[in-house]
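Here the structure is laid out as structure tokens; the discussion comes afterwards.
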Amino acid sequence: MIEIKTPAEIESMRRASRVVAEVLLQLKSKVKPGVSTLDLDRFAEKSVRDLGAVPAFLGYRGYPATLCVSINEEIVHGIPSPKRFVKEGDIVSLDLGAVCDGFYGDAALTVAAGQISKGAQKLMDVTRRSLDEALSKVKAGARLGDVCHAVEVFAVENGMSVVREFTGHGIGRRLHEEPSIPNFGKPGTGPLLKAGMTLAIEPMLCLGRADVVVKNDGWTAVSADGSLAAHYEHTVAVTESGCDILSAVSRAG
Ligand code: MF3
Ligand code: CO
């Protein structure tokens, strides 16, 4: 069952999602050669708490940090470490979740550290735009498969491959709710979207093959062929006319 949220519940999710967006924006300027991934996590945890929210990932199924920091061939769920430093030319995916009034927000983006390769830049651009494509399909009356298909087509047309082992998800009173939202699918299939459904849509694309290996730490997912990966995510609410991006950076400030 895909839960429909009330307008008040969606406003709580917007508060949580805005905290996530604000902290991700601040983190962007901290991703520079020499910073450790633990420094980024410390900053994220303090900032989330200072903004009156609670880190969503910390302790989730035993995950030990606030932030996921996944560098280059790491796709998702990179665990922050005092021994891991960002270096010139890296692409760094940051994934963050927060809880406000018992409701979750979840978002991710990929940041370049210094000068990056043309391929890395293209991967980042295509991944971000594949999320835009997906969001453009979200609307009451659409099918979930329309959204999933949009990511796949855009990625493949632009020469990237789609990670199939991880998906987006419904979100709300829990980090992961129904439905599961793969980054591939058939248009006109899957659940009917209704106003008030809240979804975390998160394309994960690779420059090479998209086969995944999980490292011995039990979390870090890397591309099996070592190719670069990028990840973008928004938490959104379905509306009658389209999609309300809850994790958009607030224009009001
Ligand atoms: N955005 C990711 C997801 O939805 C983050 C989860 S990380 C975890 O799965 F540590 F909380 F598992
Ligand atoms: Co997510």
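Labels used: A, B, ... for chains in the order of the structure tokens, numbers from 1 for residues in each chain, and numbers from 1 for ligands as shown.
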Return as JSON, numbers by chain every polymer residue, whether protein, DNA or RNA, with at least one atom no more than 9 Å from an atom of ligand 1; count only C-alpha atoms and all ligand atoms. {"A": [56, 57, 58, 59, 60, 61, 62, 63, 64, 65, 66, 67, 68, 76, 77, 78, 79, 95, 96, 97, 106, 107, 108, 166, 167, 168, 169, 171, 175, 176, 200, 201, 202, 219, 233]}
With only C-alpha atoms as the counted atoms, please give the residues lying no more than 6 Å from stretch 7-19 of chain A, apart from itself and same-chain residues fewer than 6 positions off, as a ChimeraX atom specification. /A:98-100,103-105,246-247
Name the closest residue to A:Leu94 among the candidates A:Val163, A:Met124, A:Leu40, A:Ala142; distances are taken between atoms, counting only C-alpha atoms. A:Leu40
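Of the residues in stretch 89-168 of chain A, those that DSSP places in strand (DSSP E or B) on the basis of the backbone are A:Ile91, A:Val92, A:Ser93, A:Leu94, A:Asp95, A:Leu96, A:Gly97, A:Ala98, A:Val99, A:Cys100, A:Phe103, A:Tyr104, A:Gly105, A:Asp106, A:Ala107, A:Ala108, A:Leu109, A:Thr110, A:Val111, A:Ala112, A:Arg143, A:Ser161, A:Val162, A:Gly168.
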Pick out each residue of stretch 35-231 of chain A that DSSP on the backbone tags as helix (DSSP H, G or I); I need them as an NGL selection string. :A and (37-50 or 60-62 or 118-137 or 144-157)
Closest of A:Lys215, A:Lys87, A:Lys139, A:Arg174 to ligand 2 - atom-to-atom distances counting only C-alpha atoms and all ligand atoms: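 For ligand 2, the nearest of the given residues is A:Arg174.
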Would you mind reading off the distance between atom CA of A:Gly172 and atom CA of A:Glu74, one decimal, in Å? 27.0 Å
With distances taken over only C-alpha atoms and all ligand atoms, which residue among A:Ala229, A:Leu27, A:Ala112, A:Met204 lies nearest ligand 2?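 Using only C-alpha atoms and all ligand atoms, ligand 2 sits closest to A:Met204.
Closest to A:Asp125 among A:Leu24, A:Ala155, A:Val86, A:Lys30 is A:Ala155, based on only C-alpha atoms.
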Identify which of the residues A:Leu38, A:Val20, A:Val31, A:Val162 lies closest to ligand 2, counting only C-alpha atoms and all ligand atoms when measuring atom-to-atom distances.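 Of all the options, A:Val20 lies closest to ligand 2.
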With a distance cut-off of 12 Å and only C-alpha atoms, select the neighbouring residues of A:Asn72, excluding the residue or stretch itself and same-chain residues fewer than 6 positions from it, and output the selection as an NGL selection string. :A and (78 or 86-94 or 110-113 or 116-117 or 119-121 or 123-124 or 205-208 or 220-223 or 225-231)
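Distance annotation: of A:Ile75, A:Val249, A:Met197, A:Ala210, the residue with the minimal separation from A:Lys5 is A:Met197; atom set is only C-alpha atoms.
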If I take atom CA of A:Val212 and atom CA of A:Pro187, how far is one from the other in Å, to one decimal? 25.4 Å
One decimal, in Å: what's the spacing between atom CA of A:Ala150 and atom CA of A:Val23?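 A separation of 28.2 Å between them.
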